[in-house]
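Notes follow the structure.
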Amino acid sequence: MDQVTVRFADGSSAAYPRGTQLAAVARDRGAGDALAARVDGVERDLATPLERDAAVEWLSFADPAGRAVFWHSSAHLLAQAVRELFPQAKLAIGPAIDDGFYYDFDIGRPFGPEDLARIEARMLELAARDERIERIAVPRAEAQRAFAAAGERYKAELLEGIADDPVSFYRQDGFQDMCRGPHLASTGPIRAIKLLSTSGAYWRGDERREMLQRIYGISFPAQAALDAHLARIEEAKRRDHRKVGRDLELFASVEEVGQGLPLWLPRGATVRRLLDRYITDLEGSLGYEHVHTPDLASVELYKISGHWDHYRDNMYPPMRVDGEELVLRPMNCPHHIMIYKHRQHSYRELPVRIAELGTMYRYERSGVLSGLARVRAMTLNDAHIFCRPDQLTDEFVGVVRLIQQAYRDLGLRGFWYRLSLRDPRDRTKFVQNDAMWSLAEAQLREAMRRLELDYEEAPGEASFYGPKLDVQVPNVLGKDETISTVQIDFYLPERFGLEYIGEDSQPRRPVMIHRGVISTLERMMAFLIEQYAGAFPLWLAPEQVRVLPIADRHVGYAHRVRSELAARGMRVEVDASSERTGHKIRAAQLMKIPYMLVVGDREAREGTVSVRSRSRGDEGSYALAAFVARVVDEAASRRHDDAPSAP
RNA sequence: GCCCUCGUAGCUCAAUGGCAGAGCACCUCACUUGUAAUGAGGGGGUUACCGGUUCAAGUCCGGUCGAGGGCUCCA
């Protein structure tokens, strides 16, 4: 009785004849949607025979790992279609990514939109044939010969980086590609495909090497899922902060001012001021001291900090005046350090928390600029905490609590924590001081434990001077963005010779924490615009209430209503145009103004307002005083629970 | 910076190599309006910029600038 015992993820187990293929087990277990499987933790094709007892976990399209298999096979299908349509194409790499797949080709010319349509159509034809995908083992030498004969120099180079002999290939319908796998059992499940874009991409991500042509695509087991995905992309476009920023008159970029140098229009500047006040007040209540420092500094300051050596390429070149070399500051920390150094500090007064919404200038390469999200002049919600080593954990915990509070008020959700640590093997990217790193990393873990927060560790993602916590927030497309960051720094205190006087009246070295909570005002603005589709919660709305008089004779009463609200700090305008009420409502809705107050004969006579909410529509009549009280209260509560308005 | 795509009125978009147009917005006039667009009229353009091909260029070609999608970068 030659059997193997299989344990499944649900805890059950079953016995099968040795050599049974996973596909047969899946059928037997009713796991018809399995695309591949994890066998003892290793991903395998369903064609894999079971040769010994094993733990098996099915991977379907519902699992990230299953999707990766699906998209990886889709990438092979893309390569097959391109190879059939462009026989001269040389293949590079084609992995699955978070949202689909891509494949890099060298075909000696770029792909155009018509090419994408043809390739996509060919992929669908190939998938419909439901060809079997099989894994084959090819002796290394044979693969080398084949690549050389076909001129597949990229594949040949990839093979050099692989130690296996034989190496695995996957073959479908006469097309084959060197690949580790696993893959789908056949091409049939790939029923809906969309090729989304083409772009240039450097071979191996190295800008000194060949520029290849990359095709991005996505695929699904069913058309409905593809349609839903494309609808999400459309929704993201509708919310794009660059479009909403223009439509709602929040900010503008003009060529005459320069690349990456946006102008904040009055409405956008209002939101910016509100964010500035909000975070400044919150920090003030938590013991931060706000300062103002200049946007320029002597280049000497950055030579001391070490930034000049590490970061010069991203700084604007120095201006020479009166024998001095000045640079636009690319960060604020050296200025804050000088404020700390301005006088002596006792161990009793630490921690010192110096904060500033400081404007910084970074020379970003032109290709990376994007709306407000990536600019060359930006104002960072920055602060530097100078503390004793024994205070580090407490201070770190305090910063994380501050972040949590800000996210509650701003309505940021779905975020997670990433501890970015050094890669101990990379001796060039990180400051060399093993004891310092170990201590800092241990203290961060301890703080996270005390906060009872889950986090992921990301080795190699630390900054050069110390480990950090990044708070990742998913944007409209579900992609994570780093919004807040808390960085431990033992390095700059050393560079600048920072001190405090200890209990024993001897000088000691403080530790620094660099932290940004709401990122730069530019990036936070971009993020919030997209999150709210421009329909800011009442407390952040640039115009909170608009009064709509029915006819000219009601304009006087409308202004009285406006004054009552303005006296309570509300931002209110009157639409005194000669349009019909429907038109005024439409205009206010399109500007996403939270409340519209319709006032006519009845309201003027009774001292009321007819309230319309942008999200809930007509809410009926309110006594003016009652509405004022309600709306003032709602703004103070910073509620952000009203649904985004329809387009 | 590199690859590709794109650049027409404030916005969204038309215009086979053959007279630069529409809707919205703006201005004027009339209407005095009750919960998502009242009607009529008017102004607004070196078709991003520079050069070339052509009898003729928004359209074709080259360059520059800018934007977008990626690559690279993000201490």
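Ordered as shown in the structure tokens, chains take letters A, B, and onward, while each chain numbers its residues from 1 and ligands are numbered from 1 in the order shown.
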
Residues of region 138-339 of chain A in strand (DSSP E) according to DSSP, as a PDB file with N, CA and C atoms, in the first residue's frame?
ATOM      1  N   VAL A 138      15.492  21.561 -18.677  1.00  0.00           N
ATOM      2  CA  VAL A 138      16.430  21.662 -19.788  1.00  0.00           C
ATOM      3  C   VAL A 138      17.841  21.740 -19.213  1.00  0.00           C
ATOM      4  N   VAL A 167      17.766  23.722 -15.815  1.00  0.00           N
ATOM      5  CA  VAL A 167      16.902  24.846 -15.474  1.00  0.00           C
ATOM      6  C   VAL A 167      15.489  24.540 -15.970  1.00  0.00           C
ATOM      7  N   SER A 168      14.518  25.148 -15.303  1.00  0.00           N
ATOM      8  CA  SER A 168      13.134  24.841 -15.691  1.00  0.00           C
ATOM      9  C   SER A 168      12.644  25.830 -16.742  1.00  0.00           C
ATOM     10  N   PHE A 169      11.913  25.292 -17.703  1.00  0.00           N
ATOM     11  CA  PHE A 169      11.223  26.076 -18.724  1.00  0.00           C
ATOM     12  C   PHE A 169       9.746  25.758 -18.623  1.00  0.00           C
ATOM     13  N   TYR A 170       8.946  26.641 -19.121  1.00  0.00           N
ATOM     14  CA  TYR A 170       7.519  26.351 -19.247  1.00  0.00           C
ATOM     15  C   TYR A 170       7.152  26.454 -20.711  1.00  0.00           C
ATOM     16  N   ARG A 171       6.365  25.466 -21.166  1.00  0.00           N
ATOM     17  CA  ARG A 171       6.045  25.408 -22.592  1.00  0.00           C
ATOM     18  C   ARG A 171       4.538  25.373 -22.767  1.00  0.00           C
ATOM     19  N   GLN A 172       4.072  26.161 -23.712  1.00  0.00           N
ATOM     20  CA  GLN A 172       2.661  26.127 -24.046  1.00  0.00           C
ATOM     21  C   GLN A 172       2.555  26.318 -25.542  1.00  0.00           C
ATOM     22  N   PHE A 175       5.374  27.679 -27.621  1.00  0.00           N
ATOM     23  CA  PHE A 175       6.127  28.797 -27.060  1.00  0.00           C
ATOM     24  C   PHE A 175       6.741  28.338 -25.751  1.00  0.00           C
ATOM     25  N   GLN A 176       7.994  28.690 -25.541  1.00  0.00           N
ATOM     26  CA  GLN A 176       8.542  28.344 -24.233  1.00  0.00           C
ATOM     27  C   GLN A 176       9.430  29.438 -23.693  1.00  0.00           C
ATOM     28  N   ASP A 177       9.509  29.482 -22.372  1.00  0.00           N
ATOM     29  CA  ASP A 177      10.223  30.565 -21.709  1.00  0.00           C
ATOM     30  C   ASP A 177      10.854  30.003 -20.438  1.00  0.00           C
ATOM     31  N   MET A 178      12.073  30.424 -20.212  1.00  0.00           N
ATOM     32  CA  MET A 178      12.754  29.988 -18.995  1.00  0.00           C
ATOM     33  C   MET A 178      12.057  30.633 -17.798  1.00  0.00           C
ATOM     34  N   ALA A 192     -10.255  37.225 -19.329  1.00  0.00           N
ATOM     35  CA  ALA A 192     -10.413  38.661 -19.576  1.00  0.00           C
ATOM     36  C   ALA A 192      -9.049  39.317 -19.439  1.00  0.00           C
ATOM     37  N   ILE A 193      -8.639  40.050 -20.465  1.00  0.00           N
ATOM     38  CA  ILE A 193      -7.286  40.636 -20.502  1.00  0.00           C
ATOM     39  C   ILE A 193      -7.384  42.080 -20.937  1.00  0.00           C
ATOM     40  N   LYS A 194      -6.608  42.938 -20.299  1.00  0.00           N
ATOM     41  CA  LYS A 194      -6.500  44.318 -20.766  1.00  0.00           C
ATOM     42  C   LYS A 194      -5.040  44.726 -20.707  1.00  0.00           C
ATOM     43  N   LEU A 195      -4.495  45.124 -21.836  1.00  0.00           N
ATOM     44  CA  LEU A 195      -3.144  45.687 -21.845  1.00  0.00           C
ATOM     45  C   LEU A 195      -3.297  47.187 -21.604  1.00  0.00           C
ATOM     46  N   LEU A 196      -2.654  47.653 -20.553  1.00  0.00           N
ATOM     47  CA  LEU A 196      -2.958  49.000 -20.065  1.00  0.00           C
ATOM     48  C   LEU A 196      -2.032  50.083 -20.599  1.00  0.00           C
ATOM     49  N   SER A 197      -0.766  49.787 -20.687  1.00  0.00           N
ATOM     50  CA  SER A 197       0.147  50.855 -21.103  1.00  0.00           C
ATOM     51  C   SER A 197       1.479  50.275 -21.545  1.00  0.00           C
ATOM     52  N   THR A 198       2.235  51.098 -22.230  1.00  0.00           N
ATOM     53  CA  THR A 198       3.597  50.715 -22.587  1.00  0.00           C
ATOM     54  C   THR A 198       4.512  51.774 -22.004  1.00  0.00           C
ATOM     55  N   SER A 199       5.739  51.421 -21.814  1.00  0.00           N
ATOM     56  CA  SER A 199       6.696  52.421 -21.365  1.00  0.00           C
ATOM     57  C   SER A 199       8.089  51.882 -21.600  1.00  0.00           C
ATOM     58  N   GLY A 200       9.023  52.777 -21.488  1.00  0.00           N
ATOM     59  CA  GLY A 200      10.400  52.340 -21.532  1.00  0.00           C
ATOM     60  C   GLY A 200      10.794  51.825 -20.163  1.00  0.00           C
ATOM     61  N   ALA A 201      11.690  50.895 -20.107  1.00  0.00           N
ATOM     62  CA  ALA A 201      12.161  50.396 -18.815  1.00  0.00           C
ATOM     63  C   ALA A 201      13.586  49.924 -19.027  1.00  0.00           C
ATOM     64  N   TYR A 202      14.474  50.323 -18.122  1.00  0.00           N
ATOM     65  CA  TYR A 202      15.866  49.922 -18.282  1.00  0.00           C
ATOM     66  C   TYR A 202      16.027  48.443 -17.998  1.00  0.00           C
ATOM     67  N   MET A 211      17.432  50.428 -22.944  1.00  0.00           N
ATOM     68  CA  MET A 211      16.044  50.769 -22.667  1.00  0.00           C
ATOM     69  C   MET A 211      15.175  49.759 -23.419  1.00  0.00           C
ATOM     70  N   LEU A 212      14.415  49.007 -22.662  1.00  0.00           N
ATOM     71  CA  LEU A 212      13.537  48.000 -23.269  1.00  0.00           C
ATOM     72  C   LEU A 212      12.127  48.555 -23.348  1.00  0.00           C
ATOM     73  N   GLN A 213      11.275  47.861 -24.058  1.00  0.00           N
ATOM     74  CA  GLN A 213       9.873  48.268 -24.157  1.00  0.00           C
ATOM     75  C   GLN A 213       9.049  47.386 -23.227  1.00  0.00           C
ATOM     76  N   ARG A 214       8.378  48.015 -22.285  1.00  0.00           N
ATOM     77  CA  ARG A 214       7.585  47.259 -21.327  1.00  0.00           C
ATOM     78  C   ARG A 214       6.103  47.397 -21.652  1.00  0.00           C
ATOM     79  N   ILE A 215       5.392  46.300 -21.552  1.00  0.00           N
ATOM     80  CA  ILE A 215       3.928  46.346 -21.695  1.00  0.00           C
ATOM     81  C   ILE A 215       3.324  45.939 -20.358  1.00  0.00           C
ATOM     82  N   TYR A 216       2.457  46.792 -19.826  1.00  0.00           N
ATOM     83  CA  TYR A 216       1.732  46.474 -18.603  1.00  0.00           C
ATOM     84  C   TYR A 216       0.341  45.961 -18.951  1.00  0.00           C
ATOM     85  N   GLY A 217      -0.109  44.983 -18.203  1.00  0.00           N
ATOM     86  CA  GLY A 217      -1.460  44.485 -18.436  1.00  0.00           C
ATOM     87  C   GLY A 217      -2.050  43.907 -17.168  1.00  0.00           C
ATOM     88  N   ILE A 218      -3.316  43.571 -17.266  1.00  0.00           N
ATOM     89  CA  ILE A 218      -3.970  42.892 -16.155  1.00  0.00           C
ATOM     90  C   ILE A 218      -4.947  41.898 -16.734  1.00  0.00           C
ATOM     91  N   SER A 219      -5.226  40.842 -15.970  1.00  0.00           N
ATOM     92  CA  SER A 219      -6.122  39.808 -16.476  1.00  0.00           C
ATOM     93  C   SER A 219      -6.924  39.235 -15.318  1.00  0.00           C
ATOM     94  N   PHE A 220      -8.046  38.626 -15.678  1.00  0.00           N
ATOM     95  CA  PHE A 220      -8.941  38.061 -14.668  1.00  0.00           C
ATOM     96  C   PHE A 220      -9.578  36.795 -15.201  1.00  0.00           C
ATOM     97  N   PHE A 251      -5.446  74.650  -6.684  1.00  0.00           N
ATOM     98  CA  PHE A 251      -4.061  75.019  -6.979  1.00  0.00           C
ATOM     99  C   PHE A 251      -3.867  74.992  -8.486  1.00  0.00           C
ATOM    100  N   ALA A 252      -2.756  75.568  -8.932  1.00  0.00           N
ATOM    101  CA  ALA A 252      -2.467  75.613 -10.359  1.00  0.00           C
ATOM    102  C   ALA A 252      -0.967  75.513 -10.556  1.00  0.00           C
ATOM    103  N   LEU A 263       1.167  76.777  -7.582  1.00  0.00           N
ATOM    104  CA  LEU A 263       0.595  77.961  -6.942  1.00  0.00           C
ATOM    105  C   LEU A 263      -0.642  77.523  -6.178  1.00  0.00           C
ATOM    106  N   TRP A 264      -0.742  77.923  -4.915  1.00  0.00           N
ATOM    107  CA  TRP A 264      -1.945  77.616  -4.132  1.00  0.00           C
ATOM    108  C   TRP A 264      -2.947  78.739  -4.373  1.00  0.00           C
ATOM    109  N   GLU A 289       7.551  72.964  20.495  1.00  0.00           N
ATOM    110  CA  GLU A 289       7.765  74.402  20.411  1.00  0.00           C
ATOM    111  C   GLU A 289       8.001  74.745  18.946  1.00  0.00           C
ATOM    112  N   HIS A 290       7.145  75.624  18.418  1.00  0.00           N
ATOM    113  CA  HIS A 290       7.254  75.961  16.994  1.00  0.00           C
ATOM    114  C   HIS A 290       8.200  77.130  16.774  1.00  0.00           C
ATOM    115  N   LEU A 296      17.040  79.622   3.305  1.00  0.00           N
ATOM    116  CA  LEU A 296      18.409  79.575   2.797  1.00  0.00           C
ATOM    117  C   LEU A 296      19.359  79.282   3.946  1.00  0.00           C
ATOM    118  N   ALA A 297      20.485  78.694   3.605  1.00  0.00           N
ATOM    119  CA  ALA A 297      21.523  78.531   4.622  1.00  0.00           C
ATOM    120  C   ALA A 297      22.865  78.425   3.925  1.00  0.00           C
ATOM    121  N   SER A 298      23.894  78.687   4.676  1.00  0.00           N
ATOM    122  CA  SER A 298      25.246  78.515   4.152  1.00  0.00           C
ATOM    123  C   SER A 298      25.479  77.045   3.845  1.00  0.00           C
ATOM    124  N   MET A 319      24.434  79.573  -4.316  1.00  0.00           N
ATOM    125  CA  MET A 319      24.500  80.946  -4.820  1.00  0.00           C
ATOM    126  C   MET A 319      25.650  81.613  -4.089  1.00  0.00           C
ATOM    127  N   ARG A 320      26.494  82.305  -4.857  1.00  0.00           N
ATOM    128  CA  ARG A 320      27.665  82.925  -4.245  1.00  0.00           C
ATOM    129  C   ARG A 320      27.379  84.400  -4.025  1.00  0.00           C
ATOM    130  N   VAL A 321      27.373  84.846  -2.797  1.00  0.00           N
ATOM    131  CA  VAL A 321      27.170  86.269  -2.495  1.00  0.00           C
ATOM    132  C   VAL A 321      28.102  86.670  -1.359  1.00  0.00           C
ATOM    133  N   GLU A 324      30.177  84.252   0.407  1.00  0.00           N
ATOM    134  CA  GLU A 324      29.507  83.181   1.132  1.00  0.00           C
ATOM    135  C   GLU A 324      28.779  82.325   0.105  1.00  0.00           C
ATOM    136  N   GLU A 325      28.657  81.041   0.359  1.00  0.00           N
ATOM    137  CA  GLU A 325      27.905  80.167  -0.537  1.00  0.00           C
ATOM    138  C   GLU A 325      26.625  79.747   0.151  1.00  0.00           C
ATOM    139  N   LEU A 326      25.500  80.138  -0.465  1.00  0.00           N
ATOM    140  CA  LEU A 326      24.202  79.841   0.141  1.00  0.00           C
ATOM    141  C   LEU A 326      23.476  78.794  -0.686  1.00  0.00           C
ATOM    142  N   VAL A 327      22.752  77.935  -0.005  1.00  0.00           N
ATOM    143  CA  VAL A 327      21.911  76.971  -0.728  1.00  0.00           C
ATOM    144  C   VAL A 327      20.481  77.058  -0.195  1.00  0.00           C
ATOM    145  N   LEU A 328      19.541  76.710  -1.088  1.00  0.00           N
ATOM    146  CA  LEU A 328      18.157  76.532  -0.648  1.00  0.00           C
ATOM    147  C   LEU A 328      18.125  75.254   0.159  1.00  0.00           C
TER     148      LEU A 328
END

Residues of chain B within 8 Å of chain A, using only C-alpha atoms (C1' of nucleotides), as a PDB file with N, CA and C atoms (P, O5', C5', C4', C3', O3' and C1' of nucleotides), in the first residue's frame?
ATOM      1  P     G B   1      15.843  67.110 -17.470  1.00  0.00           P
ATOM      2  O5'   G B   1      16.489  65.700 -17.767  1.00  0.00           O
ATOM      3  C5'   G B   1      17.854  65.727 -18.105  1.00  0.00           C
ATOM      4  C4'   G B   1      18.376  64.334 -17.990  1.00  0.00           C
ATOM      5  C3'   G B   1      17.685  63.320 -18.879  1.00  0.00           C
ATOM      6  O3'   G B   1      18.256  63.322 -20.172  1.00  0.00           O
ATOM      7  C1'   G B   1      17.810  62.456 -16.688  1.00  0.00           C
ATOM      8  P     C B   2      17.392  63.024 -21.491  1.00  0.00           P
ATOM      9  O5'   C B   2      17.075  61.470 -21.351  1.00  0.00           O
ATOM     10  C5'   C B   2      18.097  60.507 -21.525  1.00  0.00           C
ATOM     11  C4'   C B   2      17.519  59.119 -21.412  1.00  0.00           C
ATOM     12  C3'   C B   2      16.266  58.879 -22.232  1.00  0.00           C
ATOM     13  O3'   C B   2      16.567  58.562 -23.582  1.00  0.00           O
ATOM     14  C1'   C B   2      15.915  58.090 -20.037  1.00  0.00           C
ATOM     15  P     C B   3      15.538  58.985 -24.749  1.00  0.00           P
ATOM     16  O5'   C B   3      14.377  57.889 -24.620  1.00  0.00           O
ATOM     17  C5'   C B   3      14.616  56.544 -24.992  1.00  0.00           C
ATOM     18  C4'   C B   3      13.374  55.726 -24.781  1.00  0.00           C
ATOM     19  C3'   C B   3      12.105  56.298 -25.396  1.00  0.00           C
ATOM     20  O3'   C B   3      12.016  56.030 -26.784  1.00  0.00           O
ATOM     21  C1'   C B   3      11.657  55.618 -23.194  1.00  0.00           C
ATOM     22  P     C B   4      11.249  57.069 -27.759  1.00  0.00           P
ATOM     23  O5'   C B   4       9.712  56.866 -27.385  1.00  0.00           O
ATOM     24  C5'   C B   4       9.046  55.670 -27.774  1.00  0.00           C
ATOM     25  C4'   C B   4       7.714  55.583 -27.072  1.00  0.00           C
ATOM     26  C3'   C B   4       6.706  56.668 -27.410  1.00  0.00           C
ATOM     27  O3'   C B   4       6.026  56.406 -28.621  1.00  0.00           O
ATOM     28  C1'   C B   4       6.786  56.374 -25.062  1.00  0.00           C
ATOM     29  P     C B  11      -7.384  75.767 -19.641  1.00  0.00           P
ATOM     30  O5'   C B  11      -8.727  75.003 -19.245  1.00  0.00           O
ATOM     31  C5'   C B  11      -8.942  74.537 -17.916  1.00  0.00           C
ATOM     32  C4'   C B  11     -10.248  73.790 -17.850  1.00  0.00           C
ATOM     33  C3'   C B  11     -10.387  72.661 -18.858  1.00  0.00           C
ATOM     34  O3'   C B  11      -9.818  71.450 -18.384  1.00  0.00           O
ATOM     35  C1'   C B  11     -12.313  74.028 -18.946  1.00  0.00           C
ATOM     36  P     U B  32     -40.255  89.118 -14.431  1.00  0.00           P
ATOM     37  O5'   U B  32     -39.473  88.345 -13.278  1.00  0.00           O
ATOM     38  C5'   U B  32     -39.738  86.972 -12.993  1.00  0.00           C
ATOM     39  C4'   U B  32     -39.096  86.592 -11.683  1.00  0.00           C
ATOM     40  C3'   U B  32     -39.590  87.403 -10.485  1.00  0.00           C
ATOM     41  O3'   U B  32     -39.630  86.567  -9.336  1.00  0.00           O
ATOM     42  C1'   U B  32     -37.264  87.645 -10.690  1.00  0.00           C
ATOM     43  P     U B  33     -40.989  85.749  -9.039  1.00  0.00           P
ATOM     44  O5'   U B  33     -40.575  84.293  -9.500  1.00  0.00           O
ATOM     45  C5'   U B  33     -39.599  83.561  -8.780  1.00  0.00           C
ATOM     46  C4'   U B  33     -38.895  82.653  -9.759  1.00  0.00           C
ATOM     47  C3'   U B  33     -38.046  81.586  -9.094  1.00  0.00           C
ATOM     48  O3'   U B  33     -38.174  80.371  -9.817  1.00  0.00           O
ATOM     49  C1'   U B  33     -36.739  82.827 -10.601  1.00  0.00           C
ATOM     50  P     G B  34     -39.081  79.207  -9.175  1.00  0.00           P
ATOM     51  O5'   G B  34     -38.274  78.784  -7.870  1.00  0.00           O
ATOM     52  C5'   G B  34     -37.050  78.087  -7.986  1.00  0.00           C
ATOM     53  C4'   G B  34     -36.912  77.121  -6.839  1.00  0.00           C
ATOM     54  C3'   G B  34     -38.026  76.092  -6.727  1.00  0.00           C
ATOM     55  O3'   G B  34     -37.461  74.922  -6.137  1.00  0.00           O
ATOM     56  C1'   G B  34     -37.986  77.399  -4.778  1.00  0.00           C
ATOM     57  P     U B  35     -37.810  73.470  -6.769  1.00  0.00           P
ATOM     58  O5'   U B  35     -36.444  72.684  -6.639  1.00  0.00           O
ATOM     59  C5'   U B  35     -35.303  73.086  -7.421  1.00  0.00           C
ATOM     60  C4'   U B  35     -34.058  72.499  -6.812  1.00  0.00           C
ATOM     61  C3'   U B  35     -34.174  71.029  -6.430  1.00  0.00           C
ATOM     62  O3'   U B  35     -32.891  70.424  -6.565  1.00  0.00           O
ATOM     63  C1'   U B  35     -33.665  72.296  -4.529  1.00  0.00           C
ATOM     64  P     A B  36     -32.557  69.447  -7.816  1.00  0.00           P
ATOM     65  O5'   A B  36     -31.158  70.045  -8.271  1.00  0.00           O
ATOM     66  C5'   A B  36     -31.099  71.323  -8.888  1.00  0.00           C
ATOM     67  C4'   A B  36     -30.134  71.291 -10.046  1.00  0.00           C
ATOM     68  C3'   A B  36     -30.500  70.283 -11.140  1.00  0.00           C
ATOM     69  O3'   A B  36     -30.017  70.774 -12.385  1.00  0.00           O
ATOM     70  C1'   A B  36     -28.429  69.699 -10.195  1.00  0.00           C
ATOM     71  P     A B  37     -31.079  71.160 -13.497  1.00  0.00           P
ATOM     72  O5'   A B  37     -30.386  72.406 -14.195  1.00  0.00           O
ATOM     73  C5'   A B  37     -29.939  73.533 -13.451  1.00  0.00           C
ATOM     74  C4'   A B  37     -29.387  74.543 -14.423  1.00  0.00           C
ATOM     75  C3'   A B  37     -30.221  74.734 -15.692  1.00  0.00           C
ATOM     76  O3'   A B  37     -29.948  76.032 -16.217  1.00  0.00           O
ATOM     77  C1'   A B  37     -28.151  73.819 -16.266  1.00  0.00           C
ATOM     78  P     U B  38     -30.858  77.305 -15.867  1.00  0.00           P
ATOM     79  O5'   U B  38     -31.551  77.620 -17.267  1.00  0.00           O
ATOM     80  C5'   U B  38     -32.783  77.029 -17.611  1.00  0.00           C
ATOM     81  C4'   U B  38     -33.612  78.022 -18.382  1.00  0.00           C
ATOM     82  C3'   U B  38     -32.947  78.602 -19.626  1.00  0.00           C
ATOM     83  O3'   U B  38     -32.979  77.722 -20.740  1.00  0.00           O
ATOM     84  C1'   U B  38     -33.988  80.329 -18.391  1.00  0.00           C
ATOM     85  P     G B  66      10.742  72.321 -19.343  1.00  0.00           P
ATOM     86  O5'   G B  66       9.171  72.097 -19.353  1.00  0.00           O
ATOM     87  C5'   G B  66       8.307  73.100 -18.857  1.00  0.00           C
ATOM     88  C4'   G B  66       6.875  72.764 -19.173  1.00  0.00           C
ATOM     89  C3'   G B  66       6.375  71.420 -18.665  1.00  0.00           C
ATOM     90  O3'   G B  66       6.032  71.461 -17.298  1.00  0.00           O
ATOM     91  C1'   G B  66       5.698  71.691 -20.900  1.00  0.00           C
ATOM     92  P     G B  69       0.684  60.393 -14.474  1.00  0.00           P
ATOM     93  O5'   G B  69       0.984  59.164 -15.425  1.00  0.00           O
ATOM     94  C5'   G B  69      -0.078  58.375 -15.952  1.00  0.00           C
ATOM     95  C4'   G B  69       0.499  57.239 -16.740  1.00  0.00           C
ATOM     96  C3'   G B  69       1.608  56.473 -16.035  1.00  0.00           C
ATOM     97  O3'   G B  69       1.089  55.519 -15.137  1.00  0.00           O
ATOM     98  C1'   G B  69       2.282  56.972 -18.246  1.00  0.00           C
ATOM     99  P     G B  70       1.950  55.033 -13.906  1.00  0.00           P
ATOM    100  O5'   G B  70       3.026  54.119 -14.622  1.00  0.00           O
ATOM    101  C5'   G B  70       4.316  54.046 -14.117  1.00  0.00           C
ATOM    102  C4'   G B  70       5.177  53.392 -15.169  1.00  0.00           C
ATOM    103  C3'   G B  70       6.622  53.235 -14.761  1.00  0.00           C
ATOM    104  O3'   G B  70       6.802  52.034 -14.026  1.00  0.00           O
ATOM    105  C1'   G B  70       6.537  54.272 -16.865  1.00  0.00           C
ATOM    106  P     C B  71       7.809  52.017 -12.806  1.00  0.00           P
ATOM    107  O5'   C B  71       9.205  52.159 -13.543  1.00  0.00           O
ATOM    108  C5'   C B  71       9.663  51.139 -14.408  1.00  0.00           C
ATOM    109  C4'   C B  71      10.999  51.530 -14.980  1.00  0.00           C
ATOM    110  C3'   C B  71      12.044  51.945 -13.950  1.00  0.00           C
ATOM    111  O3'   C B  71      12.682  50.826 -13.358  1.00  0.00           O
ATOM    112  C1'   C B  71      12.013  53.512 -15.703  1.00  0.00           C
ATOM    113  P     U B  72      13.046  50.878 -11.823  1.00  0.00           P
ATOM    114  O5'   U B  72      14.109  52.044 -11.724  1.00  0.00           O
ATOM    115  C5'   U B  72      15.434  51.864 -12.213  1.00  0.00           C
ATOM    116  C4'   U B  72      16.192  53.169 -12.147  1.00  0.00           C
ATOM    117  C3'   U B  72      16.262  53.817 -10.768  1.00  0.00           C
ATOM    118  O3'   U B  72      17.265  53.252  -9.943  1.00  0.00           O
ATOM    119  C1'   U B  72      15.662  55.431 -12.365  1.00  0.00           C
ATOM    120  P     C B  73      16.982  53.132  -8.395  1.00  0.00           P
ATOM    121  O5'   C B  73      16.899  54.643  -7.906  1.00  0.00           O
ATOM    122  C5'   C B  73      18.034  55.491  -7.980  1.00  0.00           C
ATOM    123  C4'   C B  73      17.656  56.895  -7.587  1.00  0.00           C
ATOM    124  C3'   C B  73      17.034  57.047  -6.197  1.00  0.00           C
ATOM    125  O3'   C B  73      18.018  57.060  -5.176  1.00  0.00           O
ATOM    126  C1'   C B  73      15.773  58.277  -7.764  1.00  0.00           C
ATOM    127  P     A B  75      15.226  58.050   1.184  1.00  0.00           P
ATOM    128  O5'   A B  75      16.515  58.225   2.092  1.00  0.00           O
ATOM    129  C5'   A B  75      17.736  57.608   1.738  1.00  0.00           C
ATOM    130  C4'   A B  75      18.843  58.436   2.309  1.00  0.00           C
ATOM    131  C3'   A B  75      18.560  59.018   3.688  1.00  0.00           C
ATOM    132  O3'   A B  75      18.823  58.093   4.714  1.00  0.00           O
ATOM    133  C1'   A B  75      19.379  60.690   2.269  1.00  0.00           C
TER     134        A B  75
END

Q | All residues 12 Å or closer to Asp434 (chain A), only C-alpha atoms (C1' of nucleotides), same chain fewer than 2 positions away omitted, as number ranges by chain | A | A: 422-425, 427, 430-432, 436-441, 465-467, 490

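Minimum distance to U16 (chain B) across B:G68, B:A30, B:G44, B:U59 (counting only C-alpha atoms (C1' of nucleotides)) occurs at B:U59.
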
Q | Members of region 407-606 of chain A assigned alpha helix (DSSP H) by DSSP, as a ChimeraX atom specification | A | /A:407-410,434-451,491-495,521-532,555-567,581-590,601-606

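The shortest atom-to-atom distance to U5 (chain B), with only C-alpha atoms (C1' of nucleotides) taken into account, belongs to B:A67 out of B:C61, B:A67, B:C55, B:C74.
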
**Q.** Residue neighbourhood Ala541 (chain A), 8 Å, only C-alpha atoms (C1' of nucleotides), exclusion window fewer than 4 positions, as a list in words
**A.** Val271, Ala535, Phe536, Pro537, Ile593 and Pro594 of chain A

**Q.** Length of the CA of Leu565 (chain A) to CA of Lys592 (chain A) vector [Å]
**A.** 18.6 Å

Q: Excluding C13 (chain B) and residues on its chain fewer than 2 positions from it, collect all residues at most 10 Å away from it, counting only C-alpha atoms (C1' of nucleotides), and give them as a PyMOL selection string.
A: chain B and resi 8+11+22-23
